[in-house]
Amino acid sequence: VELDRFYAYPICSPTRVALMTGRSPIRYGILSSVGKSSKALPVEEFILPQAFKAAGYQTFMTGKWHLGAPDENAMPHRRGFDHFYGFLSGFIDYYTHTDTRRRNLDWMRNGKPVNEEGYATDLLADEAVRLVEGRDRAKPFFLYLPLSSPHTPIVPSERWQGKSDIGKYGDFLMETDWVVGQVLQALDRHRLAKDTIVIFATDNGCSPAAKIPNLVKQGHKPNADWRGHKADIFEGGHRVPFLVRWPGRIKAGTRNAQTICTADLFATLADVLGKSAVIPANAAEDSFSFLPALLGQAQAKRRPFTIHHSINGSFAIRRGKWKLVLCPGS
């Protein structure tokens, strides 16, 4: 199913806050990027992997954390993930515009630095597949795979360069699709596909660094027909693709126009688990389950409105088909 009125936030860290907590990033004052600074997601917050652990799941993460890690207690493997492999801050630290190999900065495996050569896409794909293959067969699993691609700088690895015929950004998109395909193939090999929910989304609109006008001239609209781009208050900043595959429960090829946002995944997944009761009463209060929308059922209680913001702290609010933008520009 494709939910075509799905809203993330205008830049990566706020979206990750909403996903992990089921709360608006505004509550934490996180409106732009968070690296390893002290301005981080508070360690006392109840976050998504903890809900899965309470339901008896193994919890894995491989990829980009980007929610701050000022000390050891703030790292993913101390926050409900049984296993973490990836990096703590932003993508720009790990690439240059001329070299797409990973840099030996804060890449880690469960709190310990790792020194492995290779392209980030390959490393993350390989780790995700290993986690699927090496899981405890007696338990279900939750895998969180926040990729660093196709974030800027736009640097597809050598074997993907020239593949798309529309430039480096198209190549990088294809490489990103390949990573997703590696995970899907692993699920198929282990006969897990029919029992696994796969959710695919992005954390914000396409960056202008992709040279969007040039892409449009070549027939590719990375932000569809929406005005604006990453960081904007306009639709192109945060109205993003959102796909869910759940064989036997969701009919393939369907679409839904209900307005939802990243924060709503928390309550939705808790509903899927049948474990809404494990969420503390003071947690995930901005999260509205859209499970009925996924299943093609009528839904009595929906998200009443959605608050948006831009990277510079300008705000907008959406209700139904209306959006009030409280700034002259973005």
# chains A, B, ... in the order shown; residues from 1 in each chain; ligands from 1
call {"tool": "select_by_dssp", "arguments": {"residues": "range 140-285 of chain A", "states": "strand (DSSP E or B)", "output": "PyMOL selection string"}}
result
chain A and resi 141-144+198-201+239+242-245+255-256+260-261
call {"tool": "select_by_dssp", "arguments": {"residues": "range 6-214 of chain A", "states": "helix (DSSP H, G or I)", "output": "ChimeraX atom specification"}}
result
/A:12-21,25-28,48-54,72-74,76-78,91-94,120-133,158-160,168-189,193-195,208-210,212-214
call {"tool": "closest_residue", "arguments": {"among": "A:Gly313, A:Gly86, A:Gly111, A:Gly329", "to": "Tyr144 in chain A", "atoms": "only C-alpha atoms"}}
result
A:Gly86
call {"tool": "closest_residue", "arguments": {"among": "A:Ile311, A:Ala224, A:Ala51, A:Val244", "to": "Tyr9 in chain A", "atoms": "only C-alpha atoms"}}
result
A:Ile311
call {"tool": "residues_around", "arguments": {"residues": "range 265-273 of chain A", "least_positions_apart": "3", "cutoff": "8 Å", "atoms": "only C-alpha atoms", "output": "mmCIF file with N, CA, C and O atoms, in the first residue's frame"}}
result
data_model
loop_
_atom_site.group_PDB
_atom_site.id
_atom_site.type_symbol
_atom_site.label_atom_id
_atom_site.label_comp_id
_atom_site.auth_asym_id
_atom_site.auth_seq_id
_atom_site.Cartn_x
_atom_site.Cartn_y
_atom_site.Cartn_z
ATOM 1 N N LEU A 19 9.962 9.427 14.810
ATOM 2 C CA LEU A 19 9.881 7.983 14.622
ATOM 3 C C LEU A 19 10.179 7.240 15.916
ATOM 4 O O LEU A 19 9.461 6.313 16.307
ATOM 5 N N MET A 20 11.237 7.635 16.599
ATOM 6 C CA MET A 20 11.678 6.921 17.790
ATOM 7 C C MET A 20 10.773 7.147 18.992
ATOM 8 O O MET A 20 10.661 6.286 19.865
ATOM 9 N N THR A 21 10.119 8.316 19.081
ATOM 10 C CA THR A 21 9.373 8.659 20.292
ATOM 11 C C THR A 21 7.860 8.711 20.123
ATOM 12 O O THR A 21 7.128 8.679 21.117
ATOM 13 N N GLY A 22 7.368 8.856 18.900
ATOM 14 C CA GLY A 22 5.940 9.089 18.716
ATOM 15 C C GLY A 22 5.514 10.457 19.209
ATOM 16 O O GLY A 22 4.344 10.703 19.490
ATOM 17 N N LEU A 48 11.000 3.573 20.444
ATOM 18 C CA LEU A 48 10.380 2.477 19.699
ATOM 19 C C LEU A 48 11.004 1.103 19.952
ATOM 20 O O LEU A 48 10.270 0.127 20.149
ATOM 21 N N ALA A 51 9.624 -0.646 22.951
ATOM 22 C CA ALA A 51 8.296 -1.237 22.788
ATOM 23 C C ALA A 51 8.402 -2.623 22.162
ATOM 24 O O ALA A 51 7.694 -3.560 22.566
ATOM 25 N N PHE A 52 9.288 -2.781 21.177
ATOM 26 C CA PHE A 52 9.473 -4.090 20.558
ATOM 27 C C PHE A 52 10.085 -5.087 21.541
ATOM 28 O O PHE A 52 9.693 -6.253 21.582
ATOM 29 N N ALA A 55 7.666 -6.555 23.778
ATOM 30 C CA ALA A 55 6.818 -7.541 23.099
ATOM 31 C C ALA A 55 7.582 -8.815 22.752
ATOM 32 O O ALA A 55 7.051 -9.680 22.041
ATOM 33 N N CYS A 261 1.728 11.117 9.666
ATOM 34 C CA CYS A 261 3.113 11.600 9.717
ATOM 35 C C CYS A 261 3.993 10.578 10.418
ATOM 36 O O CYS A 261 3.509 9.576 10.963
ATOM 37 N N THR A 262 5.280 10.835 10.402
ATOM 38 C CA THR A 262 6.252 9.887 10.934
ATOM 39 C C THR A 262 5.956 9.516 12.380
ATOM 40 O O THR A 262 6.125 8.360 12.785
ATOM 41 N N SER A 276 -0.129 -2.036 22.822
ATOM 42 C CA SER A 276 -0.278 -0.614 23.133
ATOM 43 C C SER A 276 -0.122 -0.346 24.622
ATOM 44 O O SER A 276 0.328 0.716 25.040
ATOM 45 N N ALA A 284 4.642 8.957 23.654
ATOM 46 C CA ALA A 284 4.037 8.834 22.314
ATOM 47 C C ALA A 284 2.688 9.533 22.203
ATOM 48 O O ALA A 284 1.804 9.090 21.470
ATOM 49 N N SER A 287 1.218 10.473 18.676
ATOM 50 C CA SER A 287 1.153 9.369 17.719
ATOM 51 C C SER A 287 -0.268 8.831 17.613
ATOM 52 O O SER A 287 -0.898 8.524 18.622
ATOM 53 N N PHE A 288 -0.773 8.730 16.374
ATOM 54 C CA PHE A 288 -2.121 8.235 16.107
ATOM 55 C C PHE A 288 -2.008 7.015 15.207
ATOM 56 O O PHE A 288 -1.455 7.093 14.109
ATOM 57 N N SER A 289 -2.515 5.902 15.663
ATOM 58 C CA SER A 289 -2.424 4.677 14.873
ATOM 59 C C SER A 289 -3.210 4.809 13.569
ATOM 60 O O SER A 289 -4.358 5.239 13.555
ATOM 61 N N PHE A 290 -2.571 4.402 12.470
ATOM 62 C CA PHE A 290 -3.267 4.353 11.179
ATOM 63 C C PHE A 290 -3.388 2.912 10.691
ATOM 64 O O PHE A 290 -3.528 2.663 9.491
ATOM 65 N N LEU A 291 -3.369 1.964 11.628
ATOM 66 C CA LEU A 291 -3.494 0.559 11.244
ATOM 67 C C LEU A 291 -4.758 0.288 10.424
ATOM 68 O O LEU A 291 -4.698 -0.436 9.420
#
